[in-house]
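Below is the file model-v5.cif, which contains mmCIF, C-alpha atoms.
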```cif
data_start
#
loop_
_atom_site.label_atom_id
_atom_site.label_comp_id
_atom_site.auth_asym_id
_atom_site.auth_seq_id
_atom_site.Cartn_x
_atom_site.Cartn_y
_atom_site.Cartn_z
CA GLN X 237 0.71 20.59 -13.68
CA SER X 238 4.44 20.27 -14.24
CA PHE X 239 5.83 16.88 -13.31
CA THR X 240 8.81 14.54 -13.58
CA VAL X 241 8.45 10.84 -14.35
CA ALA X 242 11.21 8.64 -12.92
CA ASN X 243 11.59 5.35 -11.08
CA PRO X 244 14.99 3.75 -10.41
CA THR X 245 13.82 0.24 -9.41
CA PRO X 246 14.06 -2.58 -11.96
CA VAL X 247 11.40 -5.22 -11.34
CA HIS X 248 11.84 -8.76 -12.66
CA TYR X 249 8.64 -10.76 -13.26
CA GLY X 250 8.01 -14.42 -13.94
CA PRO X 251 8.58 -17.94 -12.60
CA LYS X 252 12.12 -18.52 -11.32
CA CYS X 253 13.04 -14.83 -11.68
CA VAL X 254 14.47 -14.91 -8.14
CA ALA X 255 17.41 -16.86 -9.55
CA GLN X 256 18.74 -13.44 -10.65
CA LEU X 257 18.73 -12.01 -7.11
CA GLY X 258 22.11 -13.29 -5.93
CA ALA X 259 23.94 -11.90 -8.94
CA ALA X 260 22.21 -8.53 -8.46
CA VAL X 261 23.24 -8.36 -4.80
CA ALA X 262 26.83 -9.34 -5.56
CA ALA X 263 27.07 -6.95 -8.52
CA ALA X 264 25.99 -4.11 -6.24
CA GLY X 265 28.96 -4.89 -3.99
CA PHE X 266 27.17 -6.54 -1.07
CA SER X 267 28.08 -9.80 0.61
CA LYS X 268 26.25 -9.94 3.96
CA PRO X 269 22.49 -9.38 3.62
CA LEU X 270 19.90 -9.69 6.36
CA ILE X 271 16.68 -11.31 5.17
CA ILE X 272 13.48 -10.01 6.73
CA MET X 273 10.28 -12.05 6.37
CA GLY X 274 6.87 -12.65 7.90
CA GLY X 275 5.64 -16.03 9.07
CA GLY X 276 6.22 -19.44 7.51
CA SER X 277 4.50 -18.87 4.17
CA ALA X 278 7.74 -17.74 2.48
CA ARG X 279 9.20 -21.15 3.28
CA ARG X 280 6.13 -23.06 2.12
CA ASN X 281 5.68 -21.22 -1.18
CA GLY X 282 9.37 -21.51 -2.05
CA ALA X 283 10.32 -17.84 -1.85
CA LEU X 284 12.82 -18.21 0.99
CA PRO X 285 14.50 -21.40 -0.32
CA ASP X 286 14.81 -19.81 -3.78
CA THR X 287 16.27 -16.63 -2.28
CA LEU X 288 18.87 -18.54 -0.27
CA ALA X 289 19.74 -20.73 -3.27
CA SER X 290 20.23 -17.70 -5.51
CA LEU X 291 22.45 -16.01 -2.94
CA ALA X 292 24.48 -19.21 -2.46
CA ALA X 293 25.01 -19.46 -6.23
CA ALA X 294 26.53 -15.99 -6.08
CA GLY X 295 28.87 -17.01 -3.25
CA ILE X 296 26.77 -15.47 -0.46
CA ALA X 297 26.16 -18.05 2.27
CA ASP X 298 25.23 -18.23 5.95
CA VAL X 299 22.60 -15.52 5.51
CA PRO X 300 20.79 -14.53 8.72
CA VAL X 301 16.98 -14.40 8.67
CA CYS X 302 14.86 -12.15 10.87
CA GLU X 303 11.36 -13.64 10.93
CA GLY X 304 8.05 -12.49 12.35
CA VAL X 305 6.70 -9.42 10.55
CA ARG X 306 2.93 -9.28 11.05
CA ALA X 307 0.23 -7.74 8.89
CA ASN X 308 -0.03 -4.04 9.78
CA PRO X 309 3.65 -4.11 10.86
CA GLU X 310 4.67 -2.63 14.19
CA ILE X 311 7.63 -0.48 15.18
CA SER X 312 8.89 -2.83 17.92
CA PHE X 313 9.78 -5.46 15.30
CA VAL X 314 11.66 -2.80 13.34
CA ARG X 315 13.86 -2.14 16.37
CA LYS X 316 14.43 -5.89 16.77
CA ALA X 317 15.49 -6.25 13.14
CA MET X 318 17.83 -3.27 13.44
CA ALA X 319 19.57 -5.01 16.34
CA GLU X 320 19.86 -8.23 14.29
CA PHE X 321 21.42 -6.32 11.39
CA LYS X 322 24.07 -4.81 13.66
CA ALA X 323 24.75 -8.06 15.51
CA HIS X 324 25.48 -9.94 12.27
CA GLY X 325 27.51 -7.15 10.68
CA CYS X 326 25.24 -7.01 7.63
CA ASP X 327 25.64 -4.61 4.71
CA CYS X 328 22.25 -4.72 2.96
CA LEU X 329 18.66 -5.92 3.41
CA ILE X 330 16.43 -8.35 1.52
CA ALA X 331 12.67 -8.34 2.10
CA VAL X 332 11.00 -11.69 1.38
CA GLY X 333 7.25 -11.22 1.70
CA GLY X 334 4.41 -8.84 0.96
CA GLY X 335 3.97 -5.13 1.52
CA SER X 336 4.16 -5.39 5.29
CA VAL X 337 7.55 -7.08 5.05
CA ILE X 338 8.90 -4.63 2.48
CA ASP X 339 7.62 -1.64 4.48
CA THR X 340 9.25 -3.06 7.61
CA THR X 341 12.49 -3.51 5.72
CA LYS X 342 12.34 0.11 4.57
CA ALA X 343 11.86 1.17 8.18
CA VAL X 344 14.93 -0.83 9.19
CA ALA X 345 16.89 0.64 6.30
CA ALA X 346 16.03 4.17 7.41
CA GLY X 347 16.43 3.59 11.13
CA LEU X 348 19.91 2.10 10.89
CA LEU X 349 21.41 5.35 9.61
CA TYR X 350 19.36 7.70 11.79
CA PRO X 351 20.88 8.78 15.13
CA GLY X 352 17.58 8.93 17.02
CA ASP X 353 14.74 6.47 17.54
CA VAL X 354 13.31 5.17 14.27
CA TRP X 355 9.73 6.16 15.19
CA GLU X 356 10.76 9.82 15.05
CA LEU X 357 11.09 9.43 11.29
CA TYR X 358 7.42 8.49 11.03
CA GLU X 359 6.27 11.48 13.05
CA THR X 360 7.59 13.74 10.28
CA ARG X 361 7.03 11.47 7.25
CA GLY X 362 10.74 10.79 6.92
CA PHE X 363 11.81 14.39 6.44
CA GLN X 364 14.93 13.81 8.60
CA ILE X 365 16.18 10.88 6.51
CA LYS X 366 19.57 11.60 4.96
CA ALA X 367 20.57 8.11 3.80
CA THR X 368 19.37 4.51 4.16
CA VAL X 369 20.80 1.00 3.97
CA PRO X 370 20.27 -0.52 0.47
CA LEU X 371 17.47 -3.06 0.13
CA PHE X 372 16.17 -5.65 -2.33
CA ALA X 373 12.69 -7.21 -2.42
CA VAL X 374 11.27 -10.64 -3.23
CA LEU X 375 7.51 -10.16 -3.39
CA THR X 376 5.04 -12.83 -2.25
CA ILE X 377 1.80 -10.80 -2.08
CA SER X 378 0.94 -8.14 -4.67
CA ALA X 379 -0.95 -5.24 -3.13
CA THR X 380 0.96 -2.22 -1.87
CA GLY X 381 3.35 -1.54 -4.76
CA SER X 382 6.11 -1.19 -2.18
CA GLU X 383 8.37 -3.29 -4.41
CA ARG X 384 8.72 -0.27 -6.74
CA ASN X 385 8.16 2.85 -4.67
CA ASN X 386 9.94 4.85 -1.99
CA GLY X 387 7.35 4.80 0.78
CA GLY X 388 6.36 2.55 3.63
CA VAL X 389 3.86 2.35 6.49
CA VAL X 390 4.45 1.14 10.05
CA GLN X 391 2.34 1.51 13.15
CA ASN X 392 3.02 2.09 16.82
CA ASP X 393 0.67 0.00 18.97
CA ASP X 394 1.52 1.88 22.16
CA LEU X 395 0.56 5.23 20.61
CA VAL X 396 -2.27 3.83 18.44
CA ARG X 397 -0.75 5.53 15.40
CA LYS X 398 -0.04 4.31 11.86
CA TYR X 399 2.19 6.63 9.84
CA PHE X 400 4.30 6.54 6.69
CA ILE X 401 7.71 7.67 5.49
CA LYS X 402 9.01 8.50 2.01
CA HIS X 403 12.54 9.12 0.78
CA ALA X 404 14.33 8.77 -2.55
CA SER X 405 16.83 6.30 -1.06
CA LEU X 406 14.03 3.87 -0.09
CA PHE X 407 13.41 2.64 -3.62
CA PRO X 408 14.54 -1.01 -3.69
CA LYS X 409 17.72 -1.62 -5.68
CA ALA X 410 15.86 -4.41 -7.49
CA SER X 411 12.66 -6.37 -6.95
CA PHE X 412 11.60 -9.86 -8.00
CA VAL X 413 7.99 -10.93 -8.57
CA ASP X 414 7.44 -14.64 -9.14
CA PRO X 415 3.66 -15.07 -9.46
CA THR X 416 3.86 -18.77 -8.60
CA TYR X 417 4.56 -17.81 -4.97
CA GLN X 418 1.10 -16.25 -4.87
CA MET X 419 -0.86 -19.19 -6.26
CA SER X 420 -1.42 -20.59 -2.76
CA LEU X 421 -2.63 -17.34 -1.18
CA PRO X 422 -5.92 -17.49 0.71
CA TRP X 423 -8.70 -15.89 -1.35
CA ALA X 424 -9.18 -13.06 1.13
CA GLN X 425 -5.55 -12.00 0.75
CA THR X 426 -5.87 -11.96 -3.02
CA VAL X 427 -8.95 -9.75 -2.74
CA ASN X 428 -7.32 -7.44 -0.20
CA GLY X 429 -4.38 -6.99 -2.55
CA ALA X 430 -6.60 -6.26 -5.53
CA THR X 431 -8.64 -3.77 -3.50
CA ASP X 432 -5.54 -2.00 -2.19
CA ALA X 433 -4.27 -1.59 -5.75
CA MET X 434 -7.60 -0.21 -6.99
CA VAL X 435 -7.77 2.33 -4.18
CA HIS X 436 -4.18 3.42 -4.84
CA ILE X 437 -5.20 4.20 -8.40
CA LEU X 438 -8.49 5.90 -7.59
CA GLU X 439 -7.09 8.06 -4.80
CA GLY X 440 -4.65 9.50 -7.30
CA CYS X 441 -7.51 10.26 -9.69
CA LEU X 442 -9.51 12.12 -7.04
CA ASN X 443 -6.93 14.91 -7.16
CA SER X 444 -8.06 15.76 -10.69
CA ARG X 445 -9.98 19.04 -10.84
CA ASP X 446 -12.84 17.76 -12.96
CA GLY X 447 -11.45 14.92 -15.10
CA THR X 448 -10.94 16.97 -18.28
CA GLU X 449 -7.22 17.75 -18.11
CA GLU X 450 -5.23 14.60 -17.22
CA VAL X 451 -6.66 12.62 -20.13
CA VAL X 452 -3.82 10.12 -20.55
CA THR X 453 -3.33 9.40 -16.84
CA LEU X 454 -7.05 9.05 -16.11
CA GLY X 455 -7.66 6.84 -19.14
CA GLN X 456 -4.74 4.61 -18.17
CA ASN X 457 -5.95 4.37 -14.58
CA GLU X 458 -9.51 3.47 -15.51
CA SER X 459 -8.09 0.69 -17.67
CA TYR X 460 -5.95 -0.53 -14.76
CA VAL X 461 -8.96 -0.75 -12.44
CA ARG X 462 -11.09 -2.54 -15.03
CA SER X 463 -8.23 -4.98 -15.61
CA ILE X 464 -7.82 -5.65 -11.87
CA ILE X 465 -11.53 -6.46 -11.59
CA GLU X 466 -11.35 -8.70 -14.67
CA VAL X 467 -8.36 -10.76 -13.55
CA THR X 468 -9.59 -11.01 -9.96
CA ASP X 469 -12.90 -12.35 -11.26
CA ARG X 470 -10.90 -14.86 -13.31
CA LEU X 471 -9.05 -15.95 -10.16
CA LEU X 472 -12.39 -16.30 -8.38
CA ALA X 473 -13.44 -18.72 -11.11
CA ASN X 474 -10.07 -20.50 -11.28
CA ALA X 475 -7.47 -19.99 -8.56
CA ASP X 476 -4.86 -21.77 -10.74
CA ASP X 477 -5.02 -19.18 -13.55
CA LEU X 478 -1.34 -18.17 -13.67
CA THR X 479 -1.91 -15.64 -16.45
CA ALA X 480 -4.55 -13.82 -14.40
CA ARG X 481 -2.27 -13.92 -11.34
CA THR X 482 0.63 -12.47 -13.31
CA ASN X 483 -1.55 -9.65 -14.61
CA LEU X 484 -2.72 -8.85 -11.08
CA CYS X 485 0.92 -8.74 -9.92
CA LEU X 486 1.80 -6.26 -12.65
CA ALA X 487 -1.25 -4.09 -12.02
CA ALA X 488 -0.51 -3.83 -8.30
CA THR X 489 3.02 -2.62 -9.05
CA LEU X 490 1.83 -0.05 -11.61
CA ALA X 491 -0.84 1.18 -9.21
CA LEU X 492 1.72 2.87 -6.93
CA ASP X 493 5.04 3.20 -8.75
CA GLY X 494 4.45 6.81 -9.81
CA GLN X 495 2.61 6.20 -13.08
CA SER X 496 -0.92 6.32 -11.74
CA ASP X 497 -0.66 9.87 -10.39
CA ILE X 498 1.29 11.55 -13.22
CA GLY X 499 0.11 15.15 -13.34
CA LEU X 500 -2.27 14.63 -10.41
CA GLY X 501 -0.18 16.18 -7.66
CA GLY X 502 0.56 13.11 -5.59
CA GLY X 503 -2.86 11.73 -4.72
CA HIS X 504 -5.80 12.42 -2.43
CA TRP X 505 -5.15 9.76 0.27
CA THR X 506 -8.16 10.42 2.48
CA CYS X 507 -9.21 6.78 2.29
CA HIS X 508 -5.75 5.58 3.26
CA MET X 509 -5.51 8.00 6.18
CA LEU X 510 -8.87 6.82 7.48
CA GLU X 511 -7.96 3.16 7.10
CA HIS X 512 -4.66 3.73 8.87
CA GLY X 513 -6.74 5.01 11.76
CA LEU X 514 -8.88 1.86 11.69
CA SER X 515 -6.01 -0.61 11.70
CA ALA X 516 -3.99 1.43 14.19
CA ALA X 517 -6.89 1.08 16.63
CA LYS X 518 -7.54 -2.55 15.61
CA PRO X 519 -4.48 -4.22 14.04
CA SER X 520 -6.67 -7.18 13.10
CA VAL X 521 -8.38 -5.06 10.40
CA PRO X 522 -6.88 -6.10 7.02
CA HIS X 523 -5.68 -2.98 5.23
CA GLY X 524 -7.23 -3.82 1.86
CA ALA X 525 -10.56 -4.85 3.38
CA GLY X 526 -10.75 -1.60 5.33
CA LEU X 527 -10.08 0.40 2.18
CA GLY X 528 -12.81 -1.48 0.33
CA VAL X 529 -15.37 -0.46 2.94
CA LEU X 530 -14.23 3.16 3.20
CA MET X 531 -13.73 4.04 -0.45
CA PRO X 532 -17.42 4.52 -1.36
CA ALA X 533 -17.83 7.01 1.51
CA VAL X 534 -14.75 8.96 0.40
CA MET X 535 -15.90 9.07 -3.21
CA LYS X 536 -19.38 10.12 -2.10
CA ARG X 537 -17.86 12.98 -0.11
CA VAL X 538 -15.78 14.15 -3.07
CA ALA X 539 -18.82 13.98 -5.36
CA GLU X 540 -20.87 16.09 -2.94
CA ARG X 541 -18.09 18.66 -2.45
CA ASP X 542 -18.73 20.67 -5.62
CA ALA X 543 -19.42 20.35 -9.34
CA ASP X 544 -15.82 19.47 -10.15
CA GLY X 545 -15.75 16.73 -7.51
CA HIS X 546 -18.97 15.29 -8.88
CA ALA X 547 -17.55 15.36 -12.40
CA ILE X 548 -14.38 13.39 -11.62
CA VAL X 549 -16.16 10.78 -9.48
CA LEU X 550 -18.88 10.25 -12.08
CA ARG X 551 -16.30 9.98 -14.83
CA LEU X 552 -14.40 7.27 -12.95
CA LEU X 553 -17.47 5.25 -11.99
CA SER X 554 -18.94 5.56 -15.48
CA ASN X 555 -15.78 4.43 -17.27
CA ILE X 556 -15.05 1.60 -14.82
CA PHE X 557 -18.53 0.24 -14.10
CA GLY X 558 -20.68 1.80 -16.84
CA ALA X 559 -22.63 3.71 -14.16
CA LYS X 560 -24.96 6.54 -15.12
CA THR X 561 -24.99 8.12 -11.65
CA VAL X 562 -22.58 8.31 -8.72
CA ASP X 563 -24.86 6.21 -6.51
CA GLU X 564 -25.16 3.55 -9.20
CA GLY X 565 -21.37 3.40 -9.45
CA LEU X 566 -20.90 3.12 -5.70
CA ASP X 567 -23.46 0.32 -5.64
CA ALA X 568 -21.41 -1.42 -8.34
CA TRP X 569 -18.28 -1.08 -6.18
CA ARG X 570 -20.06 -2.67 -3.22
CA ALA X 571 -21.45 -5.41 -5.46
CA THR X 572 -17.91 -6.20 -6.56
CA MET X 573 -16.81 -6.47 -2.93
CA ARG X 574 -19.73 -8.77 -2.15
CA ARG X 575 -18.97 -10.93 -5.20
CA TRP X 576 -15.46 -11.33 -3.86
CA SER X 577 -16.78 -12.15 -0.34
CA ALA X 578 -15.24 -8.95 1.04
CA PRO X 579 -16.89 -6.82 3.75
CA THR X 580 -18.92 -3.74 2.87
CA SER X 581 -19.56 -2.40 6.38
CA LEU X 582 -17.39 -1.27 9.27
CA ARG X 583 -19.48 -3.52 11.49
CA ALA X 584 -17.61 -6.44 9.96
CA PHE X 585 -14.57 -5.21 11.91
CA GLY X 586 -16.44 -4.66 15.17
CA PHE X 587 -17.17 -0.92 14.81
CA GLU X 588 -20.79 -0.45 15.84
CA SER X 589 -21.12 3.32 16.23
CA MET X 590 -19.44 6.64 15.53
CA ALA X 591 -18.19 6.58 19.12
CA ASP X 592 -16.20 3.44 18.27
CA LEU X 593 -14.54 5.37 15.45
CA GLU X 594 -13.33 8.34 17.49
CA PRO X 595 -9.88 6.84 18.26
CA CYS X 596 -9.54 5.96 14.58
CA LEU X 597 -10.42 9.48 13.46
CA LYS X 598 -8.00 10.99 15.95
CA SER X 599 -5.22 8.77 14.65
CA ALA X 600 -6.15 9.54 11.03
CA ILE X 601 -6.19 13.29 11.62
CA GLU X 602 -2.86 13.30 13.42
CA GLY X 603 -1.39 11.12 10.70
CA HIS X 604 -2.54 13.62 8.10
CA LEU X 605 -0.97 16.43 10.09
CA ALA X 606 2.34 14.64 10.65
CA GLY X 607 5.21 16.61 9.21
CA GLY X 608 3.78 20.02 9.98
CA ILE X 609 0.86 20.12 7.54
CA ARG X 610 -1.57 22.65 8.94
CA PRO X 611 -5.26 21.90 9.49
CA ALA X 612 -7.57 23.42 6.92
CA THR X 613 -10.70 23.80 9.05
CA PRO X 614 -11.43 25.60 12.33
CA ASP X 615 -12.07 22.33 14.13
CA GLY X 616 -8.53 21.15 13.31
CA ARG X 617 -9.67 18.43 10.93
CA PRO X 618 -7.91 18.40 7.55
CA ARG X 619 -10.14 19.39 4.67
CA HIS X 620 -10.20 15.93 3.07
CA LEU X 621 -11.17 14.23 6.36
CA ARG X 622 -13.99 16.61 7.18
CA ASN X 623 -17.53 15.31 6.77
CA VAL X 624 -16.65 11.99 5.18
CA PRO X 625 -19.97 10.16 5.72
CA LEU X 626 -18.67 7.32 7.89
CA SER X 627 -22.00 7.06 9.68
CA ARG X 628 -23.44 5.58 6.50
CA LEU X 629 -21.07 2.62 6.79
#
```
Translate the structure of the given file into structure tokens.
Amino acid sequence: QSFTVANPTPVHYGPKCVAQLGAAVAAAGFSKPLIIMGGGSARRNGALPDTLASLAAAGIADVPVCEGVRANPEISFVRKAMAEFKAHGCDCLIAVGGGSVIDTTKAVAAGLLYPGDVWELYETRGFQIKATVPLFAVLTISATGSERNNGGVVQNDDLVRKYFIKHASLFPKASFVDPTYQMSLPWAQTVNGATDAMVHILEGCLNSRDGTEEVVTLGQNESYVRSIIEVTDRLLANADDLTARTNLCLAATLALDGQSDIGLGGGHWTCHMLEHGLSAAKPSVPHGAGLGVLMPAVMKRVAERDADGHAIVLRLLSNIFGAKTVDEGLDAWRATMRRWSAPTSLRAFGFESMADLEPCLKSAIEGHLAGGIRPATPDGRPRHLRNVPLSRL
């Protein structure tokens, strides 16, 4: 395939790197940012105090903070933050948190310059976006890669829908990743982040025809996944391993900043669409944990599709886990999840039958169709979502 490789976001890594934030904001011509954050962890781990100190050093004081983004962020908070931005007369945005916070900040950035309701942007994947408010990011949980990409996911609890937007103007102006902020993360959040990054990489690979053409991209991606497993295992053995944490931070960024799907046509994304359906129906489902349960079923479906699908799945599982068969590789994936104390069944989230999954599937299908993409099967279900063996989970 023909492709273009480009990413405009500089990402600064390392302890105390947030000290550079204030100068970056001022140099870009901004003086009145609104900080958006989640709960109190950004205060406890030092991310918020460091952000405010860096801004103050650049002559930017009295910075308003809009607090309360939840995991699986919801559109009502986006509207609240938009109102805060306008009330304080702000001119840019700073996300201080993980992927949910950055995705929320992107929603605010898009909604502020859109004349209609911000949720309309999600119903068409952001196709109506013309411009957005500039944003910066201080990352506290590595998982989504949102610190260096132009997409974001938000859900609507009233509609039981979880959709995404993408636009070139949603790349952060600069991002800052201090791995010391993540040293105090609960183990489950570390695992969810690692799993999210692995699935980002693998879903890109599943768009390969048979694994024989995109040699550089596939080889790179297999190395990324092996590295994520290695450093996560190191963190399991020693939660204070800063080198392992830093490597995990870097891998999560590279997993979804455009490098992992070079020449692959943008990714497969069945697993993400299905998980969005799960967490739209049950916001308590952690995104990464849901992906970890669903990914073996998606890979099994691709492998059973045809000879080419079998070839790419077997290649991935062989080069990552040393598996000789698809089933052996999927067992190795589940064993990794169990080693990390992560769930391997949808029952862990309270889904006991296929009937429980119907609202999730409806949400997933409509999310896949958002933006006018036509169904590929007579029953209206997109091709990638048809016959994924969820009953086996």
- Note on the structure: In Å and to one decimal, CA of Ala578 (chain X) is distant from CA of Val427 (chain X) by 7.4 Å
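Residue nearest Thr448 (chain X) within the list X:Leu500, X:Ser577, X:Ala293, X:Gly524: X:Leu500 [criterion: smallest interatomic distance, all atoms listed in the file].
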- So how many Å separate CA of Glu320 (chain X) and CA of Val390 (chain X), to one decimal?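 If I compute the distance from CA of Glu320 (chain X) to CA of Val390 (chain X), I get 18.5 Å.
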- Run the PyMOL selection byres ((chain X and resi 273) around 7) mentally over the shown coordinates, then write out the matched residues as number ranges by chain, using the chain letters and numbers from the document. X: 271-272, 274-275, 302-305, 331-333, 337
- Message: Taking 4 positions as the minimum chain separation for residues in the same chain, which residues sit within 8 Å of Pro579 (chain X) when counting all atoms listed in the file? Answer as a ChimeraX atom specification.
- Response: /X:525,528-529,573-574,584
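CA of Arg361 (chain X) sits 18.6 Å away from CA of Asp394 (chain X).
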- How would you write, as number ranges by chain, the residues chosen by the PyMOL selection byres ((chain X and resi 526) around 10) on this structure? X: 428, 431-432, 507-508, 510-512, 514-515, 521-525, 527-531, 578-582, 584-585
Give me the result of the PyMOL selection byres ((chain X and resi 266) around 12) on this file, residue by residue, as a compact mmCIF listing (two decimals) with C-alpha atoms, in the coordinates of the input.
```txt
# COMPACT_ATOMS: atom_id res chain seq x y z
CA LEU X 257 18.73 -12.01 -7.11
CA GLY X 258 22.11 -13.29 -5.93
CA ALA X 259 23.94 -11.90 -8.94
CA ALA X 260 22.21 -8.53 -8.46
CA VAL X 261 23.24 -8.36 -4.80
CA ALA X 262 26.83 -9.34 -5.56
CA ALA X 263 27.07 -6.95 -8.52
CA ALA X 264 25.99 -4.11 -6.24
CA GLY X 265 28.96 -4.89 -3.99
CA SER X 267 28.08 -9.80 0.61
CA LYS X 268 26.25 -9.94 3.96
CA PRO X 269 22.49 -9.38 3.62
CA LEU X 270 19.90 -9.69 6.36
CA LEU X 291 22.45 -16.01 -2.94
CA ALA X 294 26.53 -15.99 -6.08
CA GLY X 295 28.87 -17.01 -3.25
CA ILE X 296 26.77 -15.47 -0.46
CA GLY X 325 27.51 -7.15 10.68
CA CYS X 326 25.24 -7.01 7.63
CA ASP X 327 25.64 -4.61 4.71
CA CYS X 328 22.25 -4.72 2.96
CA LEU X 329 18.66 -5.92 3.41
CA ILE X 330 16.43 -8.35 1.52
CA VAL X 369 20.80 1.00 3.97
CA PRO X 370 20.27 -0.52 0.47
CA LEU X 371 17.47 -3.06 0.13
CA PHE X 372 16.17 -5.65 -2.33
CA LYS X 409 17.72 -1.62 -5.68
```
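Candidate residues X:Ser405, X:Asn555, X:Thr482, X:Ser378 were compared for distance to Ala433 (chain X), and the nearest is X:Ser378, using only C-alpha atoms.
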